[in-house]
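Here is final.txt, consisting of compact mmCIF, C-alpha atoms (C1' of nucleotides):
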```txt
# COMPACT_ATOMS: atom_id res chain seq x y z
CA MET A 1 -2.74 14.92 25.58
CA ILE A 2 -4.80 13.37 22.91
CA THR A 3 -7.64 10.95 23.52
CA ARG A 4 -7.70 7.54 21.97
CA GLN A 5 -11.16 8.26 20.61
CA ALA A 6 -9.88 11.30 18.74
CA VAL A 7 -7.03 9.29 17.28
CA LEU A 8 -9.35 6.56 16.07
CA GLU A 9 -11.76 9.11 14.68
CA ARG A 10 -9.08 10.54 12.43
CA ALA A 11 -7.74 7.09 11.65
CA VAL A 12 -11.13 5.90 10.43
CA ALA A 13 -11.50 8.94 8.20
CA LEU A 14 -8.02 8.47 6.80
CA ALA A 15 -8.47 4.74 6.26
CA SER A 16 -11.72 5.33 4.42
CA ARG A 17 -9.70 7.20 1.82
CA VAL A 18 -6.52 5.16 1.57
CA GLY A 19 -7.59 1.80 2.95
CA LEU A 20 -6.46 -0.05 6.04
CA GLY A 21 -3.15 -0.93 4.43
CA GLY A 22 -2.56 2.54 3.08
CA LEU A 23 -3.16 3.97 6.53
CA THR A 24 0.31 4.77 7.72
CA ILE A 25 1.52 5.57 11.21
CA GLY A 26 3.63 8.46 9.95
CA THR A 27 0.86 10.23 8.10
CA LEU A 28 -1.67 9.60 10.85
CA ALA A 29 0.75 11.04 13.42
CA GLU A 30 1.41 14.08 11.27
CA ASP A 31 -2.32 14.50 10.78
CA LEU A 32 -2.76 14.62 14.55
CA ASP A 33 0.29 16.82 15.21
CA LEU A 34 1.92 14.00 17.04
CA SER A 35 5.25 12.29 16.76
CA LYS A 36 5.38 8.91 15.11
CA SER A 37 6.62 7.22 18.25
CA GLY A 38 4.16 9.06 20.44
CA LEU A 39 1.29 7.74 18.37
CA PHE A 40 2.79 4.29 18.10
CA GLY A 41 2.81 4.06 21.89
CA HIS A 42 -1.00 4.06 21.97
CA PHE A 43 -1.23 0.92 19.90
CA HIS A 44 1.68 -1.45 19.92
CA SER A 45 1.68 -2.60 16.34
CA LYS A 46 0.16 -1.55 13.09
CA GLU A 47 -2.02 -4.62 13.08
CA ALA A 48 -3.45 -3.67 16.46
CA LEU A 49 -4.16 -0.21 15.12
CA GLN A 50 -5.96 -1.63 12.10
CA ILE A 51 -8.14 -3.85 14.25
CA GLN A 52 -9.02 -1.01 16.60
CA VAL A 53 -9.86 1.14 13.59
CA LEU A 54 -12.26 -1.59 12.48
CA GLU A 55 -13.79 -1.81 15.93
CA HIS A 56 -14.21 1.92 16.14
CA ALA A 57 -15.82 2.10 12.72
CA ALA A 58 -18.12 -0.76 13.68
CA ALA A 59 -19.23 1.06 16.81
CA LYS A 60 -19.93 4.18 14.75
CA PHE A 61 -21.83 2.07 12.26
CA VAL A 62 -24.07 0.64 14.94
CA ASP A 63 -24.73 4.14 16.26
CA ALA A 64 -25.43 5.65 12.87
CA VAL A 65 -27.22 2.84 11.07
CA VAL A 66 -28.28 -0.14 13.12
CA ARG A 67 -29.53 1.34 16.38
CA PRO A 68 -31.66 4.10 14.87
CA ALA A 69 -33.21 1.62 12.47
CA LEU A 70 -34.10 -0.69 15.32
CA ALA A 71 -36.20 2.14 16.69
CA GLN A 72 -38.42 1.88 13.63
CA PRO A 73 -41.40 -0.48 13.49
CA ARG A 74 -40.27 -3.98 12.65
CA GLY A 75 -40.59 -5.33 9.14
CA GLU A 76 -40.53 -3.22 6.04
CA PRO A 77 -40.18 0.21 7.69
CA ARG A 78 -37.17 -1.02 9.63
CA LEU A 79 -35.57 -2.46 6.50
CA ARG A 80 -36.20 0.75 4.65
CA SER A 81 -34.60 2.69 7.46
CA LEU A 82 -31.57 0.38 7.46
CA PHE A 83 -31.17 0.99 3.75
CA GLU A 84 -31.60 4.77 3.87
CA ARG A 85 -29.26 5.11 6.80
CA TRP A 86 -26.65 2.99 5.06
CA LEU A 87 -26.80 5.36 2.11
CA ASP A 88 -26.24 8.27 4.49
CA TRP A 89 -23.41 6.41 6.17
CA ALA A 90 -21.59 5.80 2.91
CA ARG A 91 -21.70 9.52 2.20
CA SER A 92 -21.20 10.83 5.72
CA SER A 93 -18.43 13.30 6.45
CA PRO A 94 -16.58 11.04 8.87
CA MET A 95 -16.14 8.63 5.95
CA PRO A 96 -14.77 10.92 3.25
CA GLY A 97 -13.51 8.02 1.16
CA GLY A 98 -16.70 6.03 1.22
CA CYS A 99 -17.62 3.12 3.44
CA LEU A 100 -14.51 1.77 5.13
CA PHE A 101 -15.88 -1.75 5.20
CA VAL A 102 -16.49 -1.83 1.48
CA ALA A 103 -12.95 -0.66 0.83
CA ALA A 104 -11.46 -3.09 3.34
CA ALA A 105 -13.48 -6.00 1.98
CA THR A 106 -11.74 -6.05 -1.38
CA GLU A 107 -8.44 -5.05 0.12
CA LEU A 108 -8.30 -7.86 2.65
CA ASP A 109 -10.16 -10.63 0.89
CA ASP A 110 -6.87 -12.28 0.03
CA ARG A 111 -4.78 -11.45 3.06
CA PRO A 112 -5.24 -13.94 5.86
CA GLY A 113 -4.77 -12.74 9.40
CA PRO A 114 -6.60 -11.32 12.37
CA VAL A 115 -7.64 -8.13 10.57
CA ARG A 116 -9.32 -10.04 7.80
CA ASP A 117 -10.92 -12.39 10.31
CA ARG A 118 -12.42 -9.51 12.23
CA LEU A 119 -13.72 -7.81 9.11
CA GLN A 120 -15.25 -11.08 7.95
CA GLN A 121 -17.13 -11.42 11.21
CA LEU A 122 -18.31 -7.81 11.13
CA GLN A 123 -19.68 -8.27 7.63
CA ARG A 124 -21.41 -11.49 8.60
CA ASP A 125 -22.99 -9.63 11.49
CA TRP A 126 -24.19 -6.89 9.19
CA LEU A 127 -25.75 -9.34 6.78
CA GLY A 128 -27.25 -11.03 9.80
CA VAL A 129 -28.88 -7.79 10.90
CA ILE A 130 -30.49 -7.44 7.50
CA ALA A 131 -31.64 -11.05 7.37
CA THR A 132 -33.08 -10.88 10.88
CA SER A 133 -34.95 -7.71 10.03
CA PHE A 134 -36.35 -9.39 6.99
CA ARG A 135 -37.49 -12.39 9.01
CA LYS A 136 -39.29 -10.10 11.40
CA GLY A 137 -41.00 -8.67 8.37
CA MET A 138 -42.06 -12.15 7.31
CA GLU A 139 -43.59 -12.73 10.74
CA GLU A 140 -45.47 -9.49 10.32
CA GLY A 141 -46.81 -10.74 7.04
CA HIS A 142 -45.05 -8.03 5.02
CA PHE A 143 -43.28 -10.61 2.90
CA PRO A 144 -44.24 -14.02 1.52
CA ALA A 145 -43.79 -16.87 3.97
CA ASP A 146 -41.54 -18.78 1.60
CA ALA A 147 -39.06 -15.94 1.05
CA ASP A 148 -35.36 -16.51 1.68
CA ALA A 149 -34.08 -13.98 4.22
CA ASP A 150 -30.37 -14.75 3.66
CA GLN A 151 -30.81 -14.38 -0.05
CA PHE A 152 -32.51 -11.04 0.54
CA ALA A 153 -29.63 -9.85 2.71
CA HIS A 154 -27.16 -10.91 0.04
CA ASP A 155 -29.12 -9.14 -2.68
CA LEU A 156 -29.61 -5.99 -0.67
CA TYR A 157 -25.91 -5.76 0.02
CA GLY A 158 -25.39 -6.07 -3.72
CA VAL A 159 -27.59 -3.01 -4.20
CA MET A 160 -25.43 -1.16 -1.70
CA LEU A 161 -22.20 -2.23 -3.37
CA ALA A 162 -23.52 -1.16 -6.76
CA TYR A 163 -24.39 2.22 -5.31
CA HIS A 164 -20.93 2.56 -3.82
CA HIS A 165 -19.36 1.73 -7.18
CA ALA A 166 -21.55 4.08 -9.18
CA HIS A 167 -21.27 6.90 -6.69
CA ARG A 168 -17.61 6.78 -5.80
CA LEU A 169 -15.81 5.46 -8.85
CA LEU A 170 -18.11 6.53 -11.65
CA ARG A 171 -19.34 9.67 -9.87
CA ASP A 172 -22.73 8.95 -11.37
CA PRO A 173 -25.24 11.59 -10.23
CA LYS A 174 -28.01 9.06 -10.74
CA ALA A 175 -26.39 6.59 -8.34
CA GLU A 176 -28.74 7.35 -5.50
CA ALA A 177 -31.86 7.17 -7.62
CA ARG A 178 -30.66 3.87 -9.09
CA ALA A 179 -30.07 2.46 -5.62
CA ARG A 180 -33.54 3.43 -4.44
CA HIS A 181 -35.09 1.98 -7.56
CA ALA A 182 -33.19 -1.27 -7.03
CA PHE A 183 -34.32 -1.38 -3.41
CA GLU A 184 -37.96 -1.06 -4.34
CA ALA A 185 -37.62 -3.72 -6.98
CA LEU A 186 -36.05 -6.03 -4.44
CA LEU A 187 -38.85 -5.93 -1.91
CA PRO A 188 -41.07 -8.91 -2.60
CA MET B 189 14.75 -12.24 -22.77
CA ILE B 190 11.33 -11.84 -21.35
CA THR B 191 8.35 -10.74 -23.39
CA ARG B 192 6.25 -7.79 -22.35
CA GLN B 193 3.18 -9.99 -22.54
CA ALA B 194 4.63 -12.42 -20.01
CA VAL B 195 5.50 -9.58 -17.67
CA LEU B 196 2.00 -8.17 -17.84
CA GLU B 197 0.51 -11.61 -17.39
CA ARG B 198 2.27 -12.03 -14.06
CA ALA B 199 1.62 -8.42 -13.13
CA VAL B 200 -2.12 -8.85 -13.59
CA ALA B 201 -2.14 -11.97 -11.46
CA LEU B 202 -0.13 -10.26 -8.75
CA ALA B 203 -2.24 -7.11 -8.82
CA SER B 204 -5.42 -9.14 -8.51
CA ARG B 205 -4.14 -10.28 -5.12
CA VAL B 206 -2.52 -7.16 -3.72
CA GLY B 207 -4.15 -4.41 -5.75
CA LEU B 208 -2.68 -1.97 -8.22
CA GLY B 209 -1.05 0.02 -5.45
CA GLY B 210 0.25 -3.02 -3.64
CA LEU B 211 1.81 -4.23 -6.86
CA THR B 212 5.46 -3.44 -6.38
CA ILE B 213 8.27 -3.34 -8.90
CA GLY B 214 10.60 -5.23 -6.59
CA THR B 215 8.29 -8.17 -5.96
CA LEU B 216 7.18 -8.33 -9.57
CA ALA B 217 10.82 -8.41 -10.69
CA GLU B 218 11.67 -11.13 -8.20
CA ASP B 219 8.63 -13.07 -9.30
CA LEU B 220 9.95 -12.97 -12.86
CA ASP B 221 13.59 -13.67 -11.95
CA LEU B 222 14.55 -10.24 -13.14
CA SER B 223 16.39 -7.36 -11.62
CA LYS B 224 14.38 -4.43 -10.40
CA SER B 225 16.05 -2.05 -12.83
CA GLY B 226 15.77 -4.52 -15.68
CA LEU B 227 12.04 -4.69 -15.21
CA PHE B 228 11.76 -0.98 -14.64
CA GLY B 229 13.27 -0.38 -18.06
CA HIS B 230 10.22 -1.90 -19.77
CA PHE B 231 7.88 0.65 -18.29
CA HIS B 232 9.31 3.97 -17.26
CA SER B 233 7.29 4.65 -14.19
CA LYS B 234 5.09 2.75 -11.83
CA GLU B 235 2.08 4.68 -13.06
CA ALA B 236 2.75 3.55 -16.62
CA LEU B 237 3.03 -0.02 -15.38
CA GLN B 238 -0.31 0.25 -13.60
CA ILE B 239 -2.03 1.59 -16.68
CA GLN B 240 -0.60 -1.12 -18.89
CA VAL B 241 -1.68 -3.70 -16.35
CA LEU B 242 -5.19 -2.31 -16.64
CA GLU B 243 -5.03 -2.39 -20.42
CA HIS B 244 -3.77 -5.95 -20.44
CA ALA B 245 -6.46 -7.08 -18.04
CA ALA B 246 -9.07 -5.34 -20.16
CA ALA B 247 -7.86 -7.14 -23.27
CA LYS B 248 -8.03 -10.44 -21.44
CA PHE B 249 -11.50 -9.55 -20.19
CA VAL B 250 -12.73 -8.90 -23.69
CA ASP B 251 -11.28 -12.22 -24.83
CA ALA B 252 -12.68 -14.21 -21.95
CA VAL B 253 -16.04 -12.57 -21.38
CA VAL B 254 -17.24 -10.08 -23.94
CA ARG B 255 -16.23 -11.62 -27.28
CA PRO B 256 -17.47 -15.14 -26.56
CA ALA B 257 -20.76 -13.76 -25.31
CA LEU B 258 -21.20 -11.75 -28.49
CA ALA B 259 -21.14 -15.06 -30.35
CA GLN B 260 -24.37 -16.01 -28.58
CA PRO B 261 -27.78 -15.10 -29.97
CA ARG B 262 -28.69 -11.55 -29.05
CA GLY B 263 -30.98 -10.79 -26.17
CA GLU B 264 -31.40 -12.96 -23.13
CA PRO B 265 -29.01 -15.78 -24.15
CA ARG B 266 -26.27 -13.27 -24.71
CA LEU B 267 -26.90 -11.61 -21.35
CA ARG B 268 -26.88 -14.97 -19.65
CA SER B 269 -23.60 -15.78 -21.31
CA LEU B 270 -22.11 -12.45 -20.22
CA PHE B 271 -23.12 -13.21 -16.66
CA GLU B 272 -21.87 -16.79 -16.60
CA ARG B 273 -18.59 -15.85 -18.19
CA TRP B 274 -18.10 -13.06 -15.71
CA LEU B 275 -18.52 -15.55 -12.88
CA ASP B 276 -15.88 -17.72 -14.52
CA TRP B 277 -13.62 -14.73 -14.98
CA ALA B 278 -13.80 -13.75 -11.32
CA ARG B 279 -12.69 -17.24 -10.39
CA SER B 280 -10.25 -17.88 -13.22
CA SER B 281 -6.70 -18.91 -12.45
CA PRO B 282 -5.10 -15.87 -14.04
CA MET B 283 -6.98 -13.79 -11.45
CA PRO B 284 -6.09 -15.58 -8.24
CA GLY B 285 -7.15 -12.65 -6.09
CA GLY B 286 -10.52 -12.11 -7.70
CA CYS B 287 -11.48 -9.63 -10.37
CA LEU B 288 -8.79 -6.98 -10.68
CA PHE B 289 -11.30 -4.33 -11.68
CA VAL B 290 -13.42 -4.87 -8.60
CA ALA B 291 -10.36 -4.55 -6.38
CA ALA B 292 -9.07 -1.51 -8.24
CA ALA B 293 -12.46 0.20 -8.17
CA THR B 294 -12.54 0.61 -4.40
CA GLU B 295 -8.82 1.21 -4.22
CA LEU B 296 -8.77 4.05 -6.71
CA ASP B 297 -12.15 5.64 -6.19
CA ASP B 298 -10.53 8.41 -4.16
CA ARG B 299 -7.20 8.80 -5.92
CA PRO B 300 -7.40 11.15 -8.88
CA GLY B 301 -5.02 10.59 -11.74
CA PRO B 302 -4.64 8.82 -15.06
CA VAL B 303 -4.95 5.34 -13.57
CA ARG B 304 -8.27 6.11 -11.98
CA ASP B 305 -9.45 7.83 -15.17
CA ARG B 306 -8.64 4.80 -17.25
CA LEU B 307 -10.34 2.42 -14.85
CA GLN B 308 -13.40 4.65 -14.76
CA GLN B 309 -13.66 4.50 -18.54
CA LEU B 310 -13.18 0.74 -18.63
CA GLN B 311 -15.97 0.27 -16.11
CA ARG B 312 -18.26 2.58 -18.04
CA ASP B 313 -17.53 0.52 -21.13
CA TRP B 314 -18.37 -2.69 -19.32
CA LEU B 315 -21.66 -1.32 -18.05
CA GLY B 316 -22.25 -0.11 -21.58
CA VAL B 317 -21.79 -3.60 -22.95
CA ILE B 318 -24.40 -4.93 -20.56
CA ALA B 319 -26.85 -2.13 -21.29
CA THR B 320 -26.43 -2.51 -25.04
CA SER B 321 -27.01 -6.24 -24.78
CA PHE B 322 -30.13 -5.58 -22.80
CA ARG B 323 -31.41 -3.12 -25.39
CA LYS B 324 -30.89 -5.69 -28.10
CA GLY B 325 -33.00 -7.99 -25.98
CA MET B 326 -35.71 -5.37 -25.83
CA GLU B 327 -35.70 -5.13 -29.61
CA GLU B 328 -36.08 -8.89 -29.75
CA GLY B 329 -39.07 -8.61 -27.47
CA HIS B 330 -37.43 -10.55 -24.66
CA PHE B 331 -37.96 -7.71 -22.23
CA PRO B 332 -40.72 -5.13 -21.73
CA ALA B 333 -40.48 -2.10 -24.02
CA ASP B 334 -40.46 0.32 -21.09
CA ALA B 335 -37.54 -1.32 -19.28
CA ASP B 336 -34.51 0.76 -18.30
CA ALA B 337 -31.36 -0.75 -19.77
CA ASP B 338 -28.94 1.38 -17.78
CA GLN B 339 -30.73 0.52 -14.57
CA PHE B 340 -30.49 -3.14 -15.51
CA ALA B 341 -26.75 -2.85 -16.11
CA HIS B 342 -26.33 -1.13 -12.75
CA ASP B 343 -28.35 -3.79 -10.97
CA LEU B 344 -26.60 -6.67 -12.68
CA TYR B 345 -23.24 -5.30 -11.69
CA GLY B 346 -24.56 -5.17 -8.14
CA VAL B 347 -25.28 -8.89 -8.37
CA MET B 348 -21.71 -9.44 -9.51
CA LEU B 349 -20.26 -7.32 -6.71
CA ALA B 350 -22.34 -9.15 -4.13
CA TYR B 351 -21.04 -12.43 -5.49
CA HIS B 352 -17.49 -11.19 -5.30
CA HIS B 353 -17.98 -10.13 -1.70
CA ALA B 354 -19.66 -13.35 -0.62
CA HIS B 355 -17.23 -15.54 -2.46
CA ARG B 356 -13.95 -13.84 -1.71
CA LEU B 357 -14.32 -12.22 1.68
CA LEU B 358 -16.95 -14.40 3.32
CA ARG B 359 -15.90 -17.57 1.47
CA ASP B 360 -19.56 -18.44 1.31
CA PRO B 361 -20.02 -21.77 -0.52
CA LYS B 362 -23.50 -20.64 -1.52
CA ALA B 363 -22.18 -17.50 -3.21
CA GLU B 364 -22.54 -18.89 -6.69
CA ALA B 365 -26.05 -20.19 -6.13
CA ARG B 366 -27.04 -16.86 -4.62
CA ALA B 367 -25.65 -15.01 -7.62
CA ARG B 368 -27.55 -17.19 -10.08
CA HIS B 369 -30.72 -16.80 -8.08
CA ALA B 370 -30.30 -13.03 -8.07
CA PHE B 371 -29.69 -13.04 -11.81
CA GLU B 372 -32.89 -14.91 -12.52
CA ALA B 373 -34.85 -12.60 -10.25
CA LEU B 374 -33.43 -9.62 -12.09
CA LEU B 375 -34.55 -10.61 -15.56
CA PRO B 376 -37.86 -8.86 -16.17
C1' DA C 377 7.82 19.35 47.88
C1' DC C 378 8.62 15.18 46.09
C1' DA C 379 8.11 10.74 44.10
C1' DA C 380 5.62 7.83 40.69
C1' DC C 381 3.68 7.47 36.44
C1' DA C 382 2.22 7.83 31.78
C1' DA C 383 2.50 10.47 27.52
C1' DA C 384 5.04 12.39 24.01
C1' DC C 385 9.40 13.14 21.88
C1' DG C 386 13.73 12.70 18.87
C1' DA C 387 16.85 9.80 16.90
C1' DA C 388 18.01 5.72 14.93
C1' DC C 389 17.43 0.80 13.20
C1' DG C 390 16.93 -2.35 9.08
C1' DG C 391 13.91 -2.66 5.09
C1' DT C 392 11.58 -1.56 1.01
C1' DC C 393 9.82 1.74 -2.04
C1' DG C 394 10.36 4.14 -6.90
C1' DT C 395 13.75 5.89 -9.76
C1' DG C 396 17.86 7.34 -11.91
C1' DC C 397 22.73 6.24 -13.77
C1' DT C 398 26.52 3.17 -15.86
C1' DT C 399 28.09 -1.13 -17.41
C1' DT C 400 27.60 -5.71 -19.08
C1' DT C 401 25.19 -9.10 -21.70
C1' DT C 402 22.14 -10.62 -25.22
C1' DT C 403 19.86 -10.20 -29.64
C1' DC C 404 19.33 -8.54 -34.37
C1' DT C 405 21.03 -6.76 -38.75
C1' DT C 406 24.11 -6.57 -42.20
C1' DA D 407 31.66 -12.28 -38.27
C1' DA D 408 31.22 -7.41 -36.87
C1' DG D 409 28.89 -3.88 -35.27
C1' DA D 410 24.40 -1.56 -33.87
C1' DA D 411 20.58 -1.73 -30.88
C1' DA D 412 18.06 -3.39 -27.17
C1' DA D 413 17.68 -5.71 -22.64
C1' DA D 414 19.14 -6.74 -18.33
C1' DA D 415 22.16 -6.05 -14.45
C1' DG D 416 24.45 -3.56 -10.82
C1' DC D 417 24.66 0.07 -7.86
C1' DA D 418 23.25 4.12 -5.49
C1' DC D 419 20.03 7.80 -4.14
C1' DG D 420 16.49 9.83 -1.13
C1' DA D 421 12.15 8.95 0.94
C1' DC D 422 9.22 6.50 3.82
C1' DC D 423 7.89 2.21 6.23
C1' DG D 424 7.11 -0.11 11.15
C1' DT D 425 9.51 -0.49 15.25
C1' DT D 426 12.69 0.21 19.30
C1' DC D 427 15.12 2.92 22.62
C1' DG D 428 16.33 6.34 25.93
C1' DT D 429 14.98 10.81 27.37
C1' DT D 430 12.09 14.73 28.40
C1' DT D 431 7.74 16.58 29.80
C1' DG D 432 3.64 17.01 32.36
C1' DT D 433 0.27 15.26 35.49
C1' DT D 434 -1.19 12.99 39.75
C1' DG D 435 -1.06 11.35 44.55
C1' DT D 436 0.80 11.84 48.96
```

Any chance you could give the structure as structure tokens?
Amino acid sequence: MITRQAVLERAVALASRVGLGGLTIGTLAEDLDLSKSGLFGHFHSKEALQIQVLEHAAAKFVDAVVRPALAQPRGEPRLRSLFERWLDWARSSPMPGGCLFVAAATELDDRPGPVRDRLQQLQRDWLGVIATSFRKGMEEGHFPADADADQFAHDLYGVMLAYHHAHRLLRDPKAEARARHAFEALLP
Amino acid sequence: MITRQAVLERAVALASRVGLGGLTIGTLAEDLDLSKSGLFGHFHSKEALQIQVLEHAAAKFVDAVVRPALAQPRGEPRLRSLFERWLDWARSSPMPGGCLFVAAATELDDRPGPVRDRLQQLQRDWLGVIATSFRKGMEEGHFPADADADQFAHDLYGVMLAYHHAHRLLRDPKAEARARHAFEALLP
DNA sequence: ACAACAAACGAACGGTCGTGCTTTTTTCTT
DNA sequence: AAGAAAAAAGCACGACCGTTCGTTTGTTGT
């Protein structure tokens, strides 16, 4: 018997390469040495599978990026940790095709439905984590009191997206250095 | 008879919504009131269609963004024009699903082949246009002499990607204001 | 030992995919 | 107006899609 966790683990890896839409029940089943119908029984529709893939990836993301960063001192060190751990995440072996959320964002941005809705919320949450961290930094006096935390979160995510683009599509060896440079320039 | 230009026009619009992979010969044919095989005859494989869609979109991009901006005075005004026209482009009616290149970038970043190669080159060219414009600005004395033009191009594209994400996935009404704010903060 | 249960299977369904063939229709040239 | 060339249509193919169904297998509880 195969555990649901193991299925989702493989599914996340696969979806990071081919997208949530390109993730197919047949190939995923074959990948797990399972019959199509046997796998299908675990979830009861492809849409349900996609959503659970998102949830699983989100849980992994919290474990790999958010929670460890929260262990850092609030303010700038915590923000820096969030950023560095996101870079690791986007290159980590369980995500061989790059960050699943980045791929899904452009894939689903025009396809209404529960999957898109869930992704939207997850991304809002992520931006919220960044903005909240920044606000804590303002309270600590690390950043000017009139700074805009939501704008910072937006801009920082832009740095991450630019890294993803340079690293994965352009295969630019300088991508990481560029991202770090952009991060430093962003801190007020 | 239907002109190749008209076919590609629709194909670009369709692909901007469903991606280059999601663009299907059947739906495109139906969309054009054409038989599948009749349409297929124009191109001789799906891959060829995808590449020509990229080429057509690139030609439109040059017309809508690059060429008009080159008519502006070199340096900062030209960069500003590039940026503003890119914002228009990403919202323009012929691209109802957002910028095709942004969608294709995450879709193809893990799928080797001629389509990916072509897209890679087009994106390098685009970053090159930005960097060159920035260098002209340095010559004009608009920017510090020790600035890094390639880094600027990378960062500016990050601003654009963040806008795309906020506007299209999150449907954030402030996306445009955020993008403009980020642009101003980026200019050295 | 036996019954209850869930997990996995194999086969099949209606669809759609990309891609070849052959035939009809339209367009262009003389 | 006639014939050549190009465009579109029609049809069929094998492959894969998500999904359903009935059956087999293996585990668990009594």

For this session: With a distance cut-off of 12 Å and all atoms listed in the file, select the neighbouring residues of DT429 of chain D, excluding the residue or stretch itself and same-chain residues fewer than 3 positions from it, and output the selection as a VMD selection string.
Result: chain C and resid 384 to 387

Exercise. Pick the closest to chain C from A:Leu34, A:Leu119, A:Ala166, A:Ala6: which is it, counting only C-alpha atoms (C1' of nucleotides)?
Worked result: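 Using only C-alpha atoms (C1' of nucleotides), chain C sits closest to A:Leu34.
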
For this session: At a cut-off of 8 Å, list the chain A residues touching chain D, using all atoms listed in the file, as a ChimeraX atom specification.
Result: /A:25,45-46

List as a tab-separated table every residue of chain A that is in contact with chain B, defined as an atom at most 6 Å from one of its atoms (using all atoms listed in the file), together with the nearest atom pair and the distance in Å rounded to one decimal, sorted by chain and then rising number.
```
residue	atom	partner	partner_atom	distance
A:Ala103	CA	B:Thr294	CA	5.4
A:Thr106	CA	B:Ala291	CA	5.4
A:Asp109	CA	B:Leu357	CA	4.5
A:Gln120	CA	B:Leu358	CA	5.9
A:Gly158	CA	B:Ala350	CA	4.4
A:Val159	CA	B:Gly346	CA	5.4
A:Ala162	CA	B:Gly346	CA	4.4
A:Arg168	CA	B:Asp297	CA	5.6
A:Leu169	CA	B:Asp297	CA	4.5
A:Leu170	CA	B:Gln308	CA	5.9
```

Exercise. What is the distance between atom CA of Leu270 of chain B and atom CA of Val250 of chain B, in Å to one decimal?
Worked result: 10.6 Å

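When all atoms listed in the file are used to measure the gap to chain B, the shortest distance among C:DC393, C:DA377, C:DA388, C:DC404 belongs to C:DC393.
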
Problem set entry | Residue list for chain B near chain C as a ChimeraX atom specification, 12 Å, all atoms listed in the file | /B:189-190,209-215,224-225,228-229,231-235,237

Exercise. Suppose you want the space between atom CA of Trp86 of chain A and atom CA of Val7 of chain A; what is it in Å?
Worked result: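 Atom-to-atom, atom CA of Trp86 of chain A to atom CA of Val7 of chain A, that is 24.0 Å.
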
For this session: Can you work out which one of B:Ala246, B:Glu364, B:Arg262, B:Asp276 has the shortest atom-to-atom distance to Trp314 of chain B, counting all atoms listed in the file?
Result: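 Counting all atoms listed in the file, the residue closest to Trp314 of chain B is B:Ala246.
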
Centre, edges in Å (one decimal): axis-aligned box, segment 409-427 of chain D, 3 Å padding on all six sides, as JSON:
```
{"center_x": 18.0, "center_y": 1.5, "center_z": -6.3, "size_x": 27.8, "size_y": 22.6, "size_z": 63.9}
```
